file query28.txt (compact mmCIF, N, CA and C atoms)
# COMPACT_ATOMS: atom_id res chain seq x y z
N GLN S 1 103.06 108.57 108.53
CA GLN S 1 104.51 108.71 108.64
C GLN S 1 104.92 109.40 109.93
N LEU S 2 104.07 110.30 110.43
CA LEU S 2 104.33 111.00 111.67
C LEU S 2 103.20 110.75 112.65
N GLN S 3 103.56 110.55 113.90
CA GLN S 3 102.58 110.28 114.94
C GLN S 3 102.70 111.35 116.02
N ALA S 4 101.72 112.22 116.09
CA ALA S 4 101.73 113.29 117.09
C ALA S 4 100.90 112.86 118.29
N SER S 5 101.38 113.20 119.47
CA SER S 5 100.67 112.86 120.69
C SER S 5 101.05 113.85 121.79
N GLY S 6 100.36 113.74 122.91
CA GLY S 6 100.69 114.56 124.07
C GLY S 6 99.73 115.68 124.35
N GLY S 7 98.78 115.90 123.47
CA GLY S 7 97.81 116.96 123.70
C GLY S 7 96.86 116.60 124.83
N GLY S 8 96.06 117.59 125.21
CA GLY S 8 95.09 117.34 126.27
C GLY S 8 94.53 118.64 126.79
N LEU S 9 93.86 118.54 127.92
CA LEU S 9 93.25 119.69 128.58
C LEU S 9 94.13 120.09 129.76
N VAL S 10 94.47 121.37 129.82
CA VAL S 10 95.33 121.85 130.90
C VAL S 10 94.85 123.24 131.30
N GLN S 11 95.09 123.58 132.55
CA GLN S 11 94.72 124.91 133.02
C GLN S 11 95.74 125.95 132.58
N SER S 12 95.28 127.17 132.47
CA SER S 12 96.18 128.27 132.13
C SER S 12 97.35 128.30 133.12
N GLY S 13 98.56 128.47 132.56
CA GLY S 13 99.76 128.45 133.38
C GLY S 13 100.42 127.09 133.46
N GLY S 14 99.73 126.07 133.00
CA GLY S 14 100.25 124.72 133.04
C GLY S 14 101.19 124.41 131.89
N SER S 15 101.58 123.13 131.83
CA SER S 15 102.55 122.68 130.82
C SER S 15 102.07 121.40 130.15
N LEU S 16 102.52 121.22 128.95
CA LEU S 16 102.32 119.98 128.21
C LEU S 16 103.55 119.75 127.36
N ARG S 17 103.82 118.48 127.06
CA ARG S 17 104.88 118.16 126.12
C ARG S 17 104.30 117.34 124.98
N LEU S 18 104.39 117.87 123.78
CA LEU S 18 103.93 117.15 122.60
C LEU S 18 105.09 116.35 122.00
N SER S 19 104.73 115.21 121.42
CA SER S 19 105.73 114.36 120.77
C SER S 19 105.32 114.12 119.33
N CYS S 20 106.30 114.06 118.47
CA CYS S 20 106.09 113.76 117.06
C CYS S 20 107.07 112.64 116.70
N LYS S 21 106.54 111.44 116.53
CA LYS S 21 107.39 110.30 116.25
C LYS S 21 107.39 109.98 114.76
N ALA S 22 108.56 109.59 114.28
CA ALA S 22 108.70 109.17 112.89
C ALA S 22 109.28 107.76 112.88
N PRO S 23 108.46 106.78 113.28
CA PRO S 23 108.98 105.44 113.53
C PRO S 23 109.60 104.75 112.32
N ARG S 24 109.15 105.09 111.13
CA ARG S 24 109.66 104.41 109.95
C ARG S 24 110.79 105.17 109.26
N MET S 25 111.16 106.31 109.84
CA MET S 25 112.22 107.11 109.24
C MET S 25 113.56 106.58 109.71
N ILE S 26 114.46 106.31 108.77
CA ILE S 26 115.77 105.82 109.18
C ILE S 26 116.56 106.98 109.81
N THR S 27 117.45 106.64 110.69
CA THR S 27 118.12 107.65 111.50
C THR S 27 118.87 108.66 110.66
N SER S 28 119.53 108.22 109.62
CA SER S 28 120.30 109.16 108.79
C SER S 28 119.39 110.18 108.13
N VAL S 29 118.20 109.77 107.78
CA VAL S 29 117.23 110.70 107.19
C VAL S 29 116.70 111.64 108.26
N PHE S 30 116.47 111.13 109.46
CA PHE S 30 115.99 111.97 110.55
C PHE S 30 116.92 113.16 110.75
N TRP S 31 118.21 112.89 110.71
CA TRP S 31 119.19 113.96 110.95
C TRP S 31 119.23 115.00 109.84
N THR S 32 118.74 114.65 108.68
CA THR S 32 118.78 115.58 107.55
C THR S 32 117.40 116.18 107.25
N THR S 33 116.50 116.05 108.20
CA THR S 33 115.13 116.52 108.01
C THR S 33 114.85 117.71 108.93
N ASN S 34 114.15 118.68 108.39
CA ASN S 34 113.68 119.82 109.18
C ASN S 34 112.30 119.48 109.76
N PHE S 35 112.10 119.78 111.01
CA PHE S 35 110.81 119.50 111.65
C PHE S 35 110.20 120.81 112.16
N ASP S 36 108.90 120.93 111.96
CA ASP S 36 108.18 122.10 112.42
C ASP S 36 106.91 121.67 113.16
N TRP S 37 106.53 122.49 114.11
CA TRP S 37 105.21 122.36 114.75
C TRP S 37 104.36 123.54 114.29
N TYR S 38 103.15 123.23 113.86
CA TYR S 38 102.17 124.24 113.51
C TYR S 38 100.95 124.06 114.41
N ARG S 39 100.11 125.07 114.44
CA ARG S 39 98.84 124.93 115.12
C ARG S 39 97.77 125.63 114.29
N GLN S 40 96.55 125.17 114.51
CA GLN S 40 95.43 125.74 113.76
C GLN S 40 94.18 125.73 114.60
N VAL S 41 93.49 126.85 114.54
CA VAL S 41 92.19 127.00 115.16
C VAL S 41 91.17 127.04 114.03
N PRO S 42 90.02 126.41 114.21
CA PRO S 42 89.00 126.42 113.14
C PRO S 42 88.71 127.82 112.66
N GLY S 43 88.73 127.98 111.35
CA GLY S 43 88.42 129.27 110.76
C GLY S 43 89.62 130.19 110.61
N LYS S 44 90.78 129.74 111.09
CA LYS S 44 91.98 130.57 110.98
C LYS S 44 93.07 129.81 110.23
N GLN S 45 94.05 130.56 109.74
CA GLN S 45 95.16 129.94 109.03
C GLN S 45 96.06 129.16 109.98
N ARG S 46 96.69 128.17 109.41
CA ARG S 46 97.67 127.41 110.19
C ARG S 46 98.85 128.31 110.52
N GLU S 47 99.31 128.24 111.76
CA GLU S 47 100.37 129.12 112.26
C GLU S 47 101.61 128.32 112.61
N LEU S 48 102.76 128.78 112.18
CA LEU S 48 104.01 128.13 112.56
C LEU S 48 104.32 128.46 114.02
N VAL S 49 104.53 127.42 114.81
CA VAL S 49 104.79 127.59 116.23
C VAL S 49 106.29 127.52 116.51
N ALA S 50 106.93 126.48 116.00
CA ALA S 50 108.35 126.29 116.27
C ALA S 50 108.93 125.36 115.22
N GLY S 51 110.22 125.50 114.99
CA GLY S 51 110.89 124.64 114.03
C GLY S 51 112.31 124.32 114.46
N ILE S 52 112.79 123.17 114.03
CA ILE S 52 114.18 122.80 114.26
C ILE S 52 114.73 122.30 112.93
N SER S 53 115.81 122.93 112.50
CA SER S 53 116.37 122.58 111.19
C SER S 53 117.29 121.38 111.31
N ARG S 54 117.74 120.88 110.17
CA ARG S 54 118.61 119.72 110.14
C ARG S 54 119.90 119.96 110.89
N ASP S 55 120.36 121.23 110.95
CA ASP S 55 121.59 121.51 111.68
C ASP S 55 121.34 121.91 113.12
N GLY S 56 120.10 121.76 113.58
CA GLY S 56 119.78 122.00 114.97
C GLY S 56 119.35 123.42 115.31
N HIS S 57 119.31 124.28 114.31
CA HIS S 57 118.87 125.65 114.57
C HIS S 57 117.37 125.67 114.85
N THR S 58 116.99 126.40 115.88
CA THR S 58 115.58 126.48 116.24
C THR S 58 115.01 127.87 115.98
N ASN S 59 113.72 127.91 115.72
CA ASN S 59 113.04 129.20 115.57
C ASN S 59 111.64 129.07 116.14
N TYR S 60 111.09 130.18 116.58
CA TYR S 60 109.80 130.19 117.27
C TYR S 60 108.91 131.33 116.78
N GLY S 61 107.62 131.08 116.83
CA GLY S 61 106.68 132.15 116.58
C GLY S 61 106.75 133.17 117.71
N ASP S 62 106.46 134.42 117.40
CA ASP S 62 106.57 135.47 118.40
C ASP S 62 105.70 135.20 119.63
N SER S 63 104.55 134.59 119.40
CA SER S 63 103.61 134.41 120.51
C SER S 63 104.04 133.32 121.50
N VAL S 64 105.02 132.52 121.13
CA VAL S 64 105.43 131.42 122.02
C VAL S 64 106.87 131.54 122.49
N LYS S 65 107.58 132.53 122.01
CA LYS S 65 108.99 132.69 122.40
C LYS S 65 109.12 132.82 123.91
N GLY S 66 110.07 132.07 124.46
CA GLY S 66 110.29 132.10 125.90
C GLY S 66 109.41 131.14 126.68
N ARG S 67 108.40 130.57 126.01
CA ARG S 67 107.49 129.64 126.70
C ARG S 67 107.59 128.22 126.14
N PHE S 68 107.83 128.11 124.85
CA PHE S 68 107.88 126.80 124.18
C PHE S 68 109.32 126.48 123.79
N THR S 69 109.63 125.20 123.81
CA THR S 69 110.96 124.74 123.40
C THR S 69 110.81 123.50 122.52
N ILE S 70 111.44 123.56 121.37
CA ILE S 70 111.44 122.41 120.46
C ILE S 70 112.78 121.69 120.59
N SER S 71 112.73 120.37 120.55
CA SER S 71 113.95 119.58 120.64
C SER S 71 113.75 118.28 119.86
N ARG S 72 114.82 117.53 119.68
CA ARG S 72 114.72 116.28 118.94
C ARG S 72 115.59 115.22 119.59
N ASP S 73 115.19 113.99 119.41
CA ASP S 73 115.93 112.83 119.92
C ASP S 73 116.00 111.82 118.79
N ALA S 74 117.16 111.75 118.15
CA ALA S 74 117.29 110.87 117.00
C ALA S 74 117.22 109.40 117.38
N THR S 75 117.62 109.06 118.60
CA THR S 75 117.56 107.65 119.00
C THR S 75 116.12 107.18 119.11
N ARG S 76 115.23 108.10 119.42
CA ARG S 76 113.80 107.78 119.50
C ARG S 76 113.05 108.24 118.25
N LYS S 77 113.75 108.89 117.32
CA LYS S 77 113.13 109.41 116.10
C LYS S 77 111.92 110.26 116.46
N THR S 78 112.12 111.14 117.40
CA THR S 78 111.03 111.93 117.95
C THR S 78 111.44 113.38 118.10
N VAL S 79 110.50 114.25 117.78
CA VAL S 79 110.66 115.68 118.00
C VAL S 79 109.66 116.08 119.07
N TYR S 80 110.11 116.90 120.01
CA TYR S 80 109.27 117.30 121.12
C TYR S 80 108.96 118.80 121.06
N LEU S 81 107.83 119.15 121.63
CA LEU S 81 107.50 120.55 121.84
C LEU S 81 107.09 120.69 123.30
N GLN S 82 107.98 121.25 124.10
CA GLN S 82 107.67 121.51 125.49
C GLN S 82 106.98 122.85 125.59
N MET S 83 105.78 122.84 126.14
CA MET S 83 104.98 124.05 126.21
C MET S 83 104.75 124.39 127.68
N ASN S 84 105.29 125.52 128.10
CA ASN S 84 105.14 125.99 129.47
C ASN S 84 104.33 127.28 129.50
N SER S 85 103.86 127.63 130.68
CA SER S 85 103.09 128.87 130.87
C SER S 85 101.99 129.00 129.82
N LEU S 86 101.24 127.94 129.66
CA LEU S 86 100.23 127.92 128.61
C LEU S 86 99.14 128.95 128.87
N LYS S 87 98.64 129.50 127.77
CA LYS S 87 97.59 130.51 127.83
C LYS S 87 96.37 129.98 127.07
N THR S 88 95.21 130.58 127.35
CA THR S 88 94.01 130.13 126.65
C THR S 88 94.16 130.29 125.13
N GLU S 89 94.90 131.29 124.72
CA GLU S 89 95.08 131.50 123.28
C GLU S 89 96.00 130.48 122.61
N ASP S 90 96.59 129.59 123.39
CA ASP S 90 97.36 128.49 122.83
C ASP S 90 96.47 127.32 122.42
N THR S 91 95.20 127.41 122.76
CA THR S 91 94.26 126.36 122.40
C THR S 91 94.19 126.22 120.89
N ALA S 92 94.45 125.01 120.40
CA ALA S 92 94.48 124.75 118.96
C ALA S 92 94.77 123.28 118.74
N LYS S 93 94.69 122.87 117.50
CA LYS S 93 95.18 121.55 117.14
C LYS S 93 96.60 121.74 116.62
N TYR S 94 97.50 120.94 117.16
CA TYR S 94 98.91 121.06 116.84
C TYR S 94 99.34 119.95 115.89
N TYR S 95 100.06 120.35 114.86
CA TYR S 95 100.51 119.42 113.83
C TYR S 95 102.02 119.47 113.71
N CYS S 96 102.62 118.31 113.44
CA CYS S 96 104.04 118.31 113.14
C CYS S 96 104.24 118.06 111.66
N ASN S 97 105.31 118.62 111.15
CA ASN S 97 105.66 118.51 109.74
C ASN S 97 107.13 118.17 109.62
N ALA S 98 107.43 117.27 108.71
CA ALA S 98 108.82 116.90 108.43
C ALA S 98 109.12 117.24 106.98
N ARG S 99 110.19 118.04 106.76
CA ARG S 99 110.55 118.47 105.41
C ARG S 99 112.01 118.14 105.16
N GLY S 100 112.26 117.57 104.01
CA GLY S 100 113.63 117.28 103.63
C GLY S 100 113.67 116.90 102.17
N SER S 101 114.77 116.31 101.76
CA SER S 101 114.91 115.92 100.37
C SER S 101 113.87 114.86 100.02
N GLY S 102 112.89 115.27 99.23
CA GLY S 102 111.84 114.36 98.84
C GLY S 102 110.85 114.02 99.92
N ILE S 103 110.88 114.78 101.02
CA ILE S 103 110.02 114.48 102.17
C ILE S 103 109.17 115.68 102.51
N ASP S 104 107.89 115.46 102.69
CA ASP S 104 106.99 116.48 103.22
C ASP S 104 105.85 115.73 103.89
N TYR S 105 106.06 115.37 105.16
CA TYR S 105 105.10 114.56 105.90
C TYR S 105 104.37 115.42 106.93
N TRP S 106 103.10 115.08 107.13
CA TRP S 106 102.30 115.73 108.17
C TRP S 106 101.72 114.66 109.09
N GLY S 107 101.69 114.96 110.37
CA GLY S 107 101.00 114.11 111.30
C GLY S 107 99.52 114.49 111.33
N GLU S 108 98.71 113.70 112.04
CA GLU S 108 97.28 113.95 112.09
C GLU S 108 96.91 115.04 113.06
N GLY S 109 97.80 115.42 113.92
CA GLY S 109 97.51 116.49 114.85
C GLY S 109 97.08 116.00 116.21
N THR S 110 97.31 116.84 117.19
CA THR S 110 96.89 116.55 118.56
C THR S 110 96.31 117.81 119.16
N GLN S 111 95.16 117.66 119.82
CA GLN S 111 94.42 118.81 120.33
C GLN S 111 94.97 119.27 121.67
N VAL S 112 95.20 120.57 121.77
CA VAL S 112 95.59 121.19 123.04
C VAL S 112 94.50 122.19 123.42
N THR S 113 93.95 122.02 124.61
CA THR S 113 92.93 122.93 125.10
C THR S 113 93.38 123.49 126.44
N VAL S 114 93.47 124.80 126.52
CA VAL S 114 93.89 125.47 127.74
C VAL S 114 92.69 126.21 128.33
N SER S 115 92.34 125.85 129.55
CA SER S 115 91.19 126.47 130.20
C SER S 115 91.66 127.60 131.13
N SER S 116 90.77 128.55 131.33
CA SER S 116 91.12 129.70 132.18
C SER S 116 90.85 129.42 133.64
call {"tool": "encode", "arguments": {"input": "query28.txt", "output": "structure tokens"}}
result
Amino acid sequence: QLQASGGGLVQSGGSLRLSCKAPRMITSVFWTTNFDWYRQVPGKQRELVAGISRDGHTNYGDSVKGRFTISRDATRKTVYLQMNSLKTEDTAKYYCNARGSGIDYWGEGTQVTVSS
């Protein structure tokens, strides 16, 4: 239901933009769905990175505030996570989640690796 992409290998201080597409979601549902980005490192709990609610309110984890920006494009049925000033500790697999009325979808994740 969700297709995450955009991960890769980047040097510390660099940027990446992750995309989470919901190609089969009708536009009216997209607008009423909350989207979140999580990340997980093996052996650790999944961490909430950023979220955008149905009314457009955004929230961020403390470790990424000021560096990451979440946004959405309903015409493309896509949620983005712009990641700037990346640090080695941002290395993780990033997952997108869509939550709404009767909806709880997860993408397969995309790996982000930040080298020093």
call {"tool": "select_by_dssp", "arguments": {"input": "query28.txt", "residues": "chain S", "states": "helix (DSSP H, G or I)", "output": "MDAnalysis selection string"}}
result
chainID S and resid 27:31 88:90
call {"tool": "select_by_dssp", "arguments": {"input": "query28.txt", "residues": "stretch 19-109 of chain S", "states": "strand (DSSP E or B)", "output": "PyMOL selection string"}}
result
chain S and resi 19-21+34-40+47-52+58-60+68-73+78-83+92-100+103-106
call {"tool": "write_last_selection", "arguments": {"input": "query28.txt", "atoms": "N, CA and C atoms", "output": "compact mmCIF listing (two decimals), keeping the file's coordinate frame"}}
result
# COMPACT_ATOMS: atom_id res chain seq x y z
N SER S 19 104.73 115.21 121.42
CA SER S 19 105.73 114.36 120.77
C SER S 19 105.32 114.12 119.33
N CYS S 20 106.30 114.06 118.47
CA CYS S 20 106.09 113.76 117.06
C CYS S 20 107.07 112.64 116.70
N LYS S 21 106.54 111.44 116.53
CA LYS S 21 107.39 110.30 116.25
C LYS S 21 107.39 109.98 114.76
N ASN S 34 114.15 118.68 108.39
CA ASN S 34 113.68 119.82 109.18
C ASN S 34 112.30 119.48 109.76
N PHE S 35 112.10 119.78 111.01
CA PHE S 35 110.81 119.50 111.65
C PHE S 35 110.20 120.81 112.16
N ASP S 36 108.90 120.93 111.96
CA ASP S 36 108.18 122.10 112.42
C ASP S 36 106.91 121.67 113.16
N TRP S 37 106.53 122.49 114.11
CA TRP S 37 105.21 122.36 114.75
C TRP S 37 104.36 123.54 114.29
N TYR S 38 103.15 123.23 113.86
CA TYR S 38 102.17 124.24 113.51
C TYR S 38 100.95 124.06 114.41
N ARG S 39 100.11 125.07 114.44
CA ARG S 39 98.84 124.93 115.12
C ARG S 39 97.77 125.63 114.29
N GLN S 40 96.55 125.17 114.51
CA GLN S 40 95.43 125.74 113.76
C GLN S 40 94.18 125.73 114.60
N GLU S 47 99.31 128.24 111.76
CA GLU S 47 100.37 129.12 112.26
C GLU S 47 101.61 128.32 112.61
N LEU S 48 102.76 128.78 112.18
CA LEU S 48 104.01 128.13 112.56
C LEU S 48 104.32 128.46 114.02
N VAL S 49 104.53 127.42 114.81
CA VAL S 49 104.79 127.59 116.23
C VAL S 49 106.29 127.52 116.51
N ALA S 50 106.93 126.48 116.00
CA ALA S 50 108.35 126.29 116.27
C ALA S 50 108.93 125.36 115.22
N GLY S 51 110.22 125.50 114.99
CA GLY S 51 110.89 124.64 114.03
C GLY S 51 112.31 124.32 114.46
N ILE S 52 112.79 123.17 114.03
CA ILE S 52 114.18 122.80 114.26
C ILE S 52 114.73 122.30 112.93
N THR S 58 116.99 126.40 115.88
CA THR S 58 115.58 126.48 116.24
C THR S 58 115.01 127.87 115.98
N ASN S 59 113.72 127.91 115.72
CA ASN S 59 113.04 129.20 115.57
C ASN S 59 111.64 129.07 116.14
N TYR S 60 111.09 130.18 116.58
CA TYR S 60 109.80 130.19 117.27
C TYR S 60 108.91 131.33 116.78
N PHE S 68 107.83 128.11 124.85
CA PHE S 68 107.88 126.80 124.18
C PHE S 68 109.32 126.48 123.79
N THR S 69 109.63 125.20 123.81
CA THR S 69 110.96 124.74 123.40
C THR S 69 110.81 123.50 122.52
N ILE S 70 111.44 123.56 121.37
CA ILE S 70 111.44 122.41 120.46
C ILE S 70 112.78 121.69 120.59
N SER S 71 112.73 120.37 120.55
CA SER S 71 113.95 119.58 120.64
C SER S 71 113.75 118.28 119.86
N ARG S 72 114.82 117.53 119.68
CA ARG S 72 114.72 116.28 118.94
C ARG S 72 115.59 115.22 119.59
N ASP S 73 115.19 113.99 119.41
CA ASP S 73 115.93 112.83 119.92
C ASP S 73 116.00 111.82 118.79
N THR S 78 112.12 111.14 117.40
CA THR S 78 111.03 111.93 117.95
C THR S 78 111.44 113.38 118.10
N VAL S 79 110.50 114.25 117.78
CA VAL S 79 110.66 115.68 118.00
C VAL S 79 109.66 116.08 119.07
N TYR S 80 110.11 116.90 120.01
CA TYR S 80 109.27 117.30 121.12
C TYR S 80 108.96 118.80 121.06
N LEU S 81 107.83 119.15 121.63
CA LEU S 81 107.50 120.55 121.84
C LEU S 81 107.09 120.69 123.30
N GLN S 82 107.98 121.25 124.10
CA GLN S 82 107.67 121.51 125.49
C GLN S 82 106.98 122.85 125.59
N MET S 83 105.78 122.84 126.14
CA MET S 83 104.98 124.05 126.21
C MET S 83 104.75 124.39 127.68
N ALA S 92 94.45 125.01 120.40
CA ALA S 92 94.48 124.75 118.96
C ALA S 92 94.77 123.28 118.74
N LYS S 93 94.69 122.87 117.50
CA LYS S 93 95.18 121.55 117.14
C LYS S 93 96.60 121.74 116.62
N TYR S 94 97.50 120.94 117.16
CA TYR S 94 98.91 121.06 116.84
C TYR S 94 99.34 119.95 115.89
N TYR S 95 100.06 120.35 114.86
CA TYR S 95 100.51 119.42 113.83
C TYR S 95 102.02 119.47 113.71
N CYS S 96 102.62 118.31 113.44
CA CYS S 96 104.04 118.31 113.14
C CYS S 96 104.24 118.06 111.66
N ASN S 97 105.31 118.62 111.15
CA ASN S 97 105.66 118.51 109.74
C ASN S 97 107.13 118.17 109.62
N ALA S 98 107.43 117.27 108.71
CA ALA S 98 108.82 116.90 108.43
C ALA S 98 109.12 117.24 106.98
N ARG S 99 110.19 118.04 106.76
CA ARG S 99 110.55 118.47 105.41
C ARG S 99 112.01 118.14 105.16
N GLY S 100 112.26 117.57 104.01
CA GLY S 100 113.63 117.28 103.63
C GLY S 100 113.67 116.90 102.17
N ILE S 103 110.88 114.78 101.02
CA ILE S 103 110.02 114.48 102.17
C ILE S 103 109.17 115.68 102.51
N ASP S 104 107.89 115.46 102.69
CA ASP S 104 106.99 116.48 103.22
C ASP S 104 105.85 115.73 103.89
N TYR S 105 106.06 115.37 105.16
CA TYR S 105 105.10 114.56 105.90
C TYR S 105 104.37 115.42 106.93
N TRP S 106 103.10 115.08 107.13
CA TRP S 106 102.30 115.73 108.17
C TRP S 106 101.72 114.66 109.09
call {"tool": "residues_around", "arguments": {"input": "query28.txt", "residues": "S:Ser15", "least_positions_apart": "3", "cutoff": "8 Å", "atoms": "all atoms listed in the file", "output": "PyMOL selection string"}}
result
chain S and resi 10-12+18+82-86
call {"tool": "write_last_selection", "arguments": {"input": "query28.txt", "atoms": "N, CA and C atoms", "output": "tab-separated table (two decimals), keeping the file's coordinate frame"}}
result
chain	number	residue	atom	x	y	z
S	10	VAL	N	94.47	121.37	129.82
S	10	VAL	CA	95.33	121.85	130.90
S	10	VAL	C	94.85	123.24	131.30
S	11	GLN	N	95.09	123.58	132.55
S	11	GLN	CA	94.72	124.91	133.02
S	11	GLN	C	95.74	125.95	132.58
S	12	SER	N	95.28	127.17	132.47
S	12	SER	CA	96.18	128.27	132.13
S	12	SER	C	97.35	128.30	133.12
S	18	LEU	N	104.39	117.87	123.78
S	18	LEU	CA	103.93	117.15	122.60
S	18	LEU	C	105.09	116.35	122.00
S	82	GLN	N	107.98	121.25	124.10
S	82	GLN	CA	107.67	121.51	125.49
S	82	GLN	C	106.98	122.85	125.59
S	83	MET	N	105.78	122.84	126.14
S	83	MET	CA	104.98	124.05	126.21
S	83	MET	C	104.75	124.39	127.68
S	84	ASN	N	105.29	125.52	128.10
S	84	ASN	CA	105.14	125.99	129.47
S	84	ASN	C	104.33	127.28	129.50
S	85	SER	N	103.86	127.63	130.68
S	85	SER	CA	103.09	128.87	130.87
S	85	SER	C	101.99	129.00	129.82
S	86	LEU	N	101.24	127.94	129.66
S	86	LEU	CA	100.23	127.92	128.61
S	86	LEU	C	99.14	128.95	128.87
call {"tool": "closest_residue", "arguments": {"input": "query28.txt", "among": "S:Thr110, S:Thr91, S:Thr75, S:Ser101", "to": "S:Thr27", "atoms": "only N, CA and C atoms"}}
result
S:Thr75
call {"tool": "residues_around", "arguments": {"input": "query28.txt", "residues": "S:Lys93", "least_positions_apart": "3", "cutoff": "7 Å", "atoms": "only N, CA and C atoms", "output": "PyMOL selection string"}}
result
chain S and resi 38-42+90+109-112
call {"tool": "atom_distance", "arguments": {"input": "query28.txt", "atom1": "atom CA of S:Lys87", "atom2": "atom CA of S:Val114"}}
result
6.3 Å
call {"tool": "atom_distance", "arguments": {"input": "query28.txt", "atom1": "atom C of S:Lys21", "atom2": "atom N of S:Trp37"}}
result
12.6 Å
call {"tool": "residues_around", "arguments": {"input": "query28.txt", "residues": "S:Ser53", "least_positions_apart": "3", "cutoff": "6.5 Å", "atoms": "only N, CA and C atoms", "output": "number ranges by chain"}}
result
S: 33-35, 56-59
call {"tool": "write_last_selection", "arguments": {"input": "query28.txt", "atoms": "N, CA and C atoms", "output": "CSV table (one decimal), in the frame of the given file"}}
result
chain,number,residue,atom,x,y,z
S,33,THR,N,116.5,116.0,108.2
S,33,THR,CA,115.1,116.5,108.0
S,33,THR,C,114.8,117.7,108.9
S,34,ASN,N,114.2,118.7,108.4
S,34,ASN,CA,113.7,119.8,109.2
S,34,ASN,C,112.3,119.5,109.8
S,35,PHE,N,112.1,119.8,111.0
S,35,PHE,CA,110.8,119.5,111.6
S,35,PHE,C,110.2,120.8,112.2
S,56,GLY,N,120.1,121.8,113.6
S,56,GLY,CA,119.8,122.0,115.0
S,56,GLY,C,119.4,123.4,115.3
S,57,HIS,N,119.3,124.3,114.3
S,57,HIS,CA,118.9,125.6,114.6
S,57,HIS,C,117.4,125.7,114.8
S,58,THR,N,117.0,126.4,115.9
S,58,THR,CA,115.6,126.5,116.2
S,58,THR,C,115.0,127.9,116.0
S,59,ASN,N,113.7,127.9,115.7
S,59,ASN,CA,113.0,129.2,115.6
S,59,ASN,C,111.6,129.1,116.1
call {"tool": "residues_around", "arguments": {"input": "query28.txt", "residues": "S:Cys96", "least_positions_apart": "4", "cutoff": "12 Å", "atoms": "only C-alpha atoms", "output": "ChimeraX atom specification"}}
result
/S:1-5,18-22,34-40,46-52,70,78-81,104-110
call {"tool": "closest_residue", "arguments": {"input": "query28.txt", "among": "S:Thr69, S:Ser28, S:Thr88, S:Gln45", "to": "S:Thr113", "atoms": "only N, CA and C atoms"}}
result
S:Thr88
call {"tool": "atom_distance", "arguments": {"input": "query28.txt", "atom1": "atom CA of S:Trp31", "atom2": "atom CA of S:Arg54"}}
result
5.8 Å
call {"tool": "axis_aligned_box", "arguments": {"input": "query28.txt", "around": "stretch 96-101 of chain S", "padding_each_side": "3 Å", "output": "JSON"}}
result
{"center_x": 108.8, "center_y": 116.7, "center_z": 106.7, "size_x": 18.3, "size_y": 9.8, "size_z": 19.4}
call {"tool": "closest_residue", "arguments": {"input": "query28.txt", "among": "S:Asp62, S:Lys44, S:Arg76, S:Asp55", "to": "S:Pro23", "atoms": "all atoms listed in the file"}}
result
S:Arg76
call {"tool": "closest_residue", "arguments": {"input": "query28.txt", "among": "S:Thr32, S:Arg24, S:Gly6, S:Gly66", "to": "S:Arg99", "atoms": "all atoms listed in the file"}}
result
S:Thr32
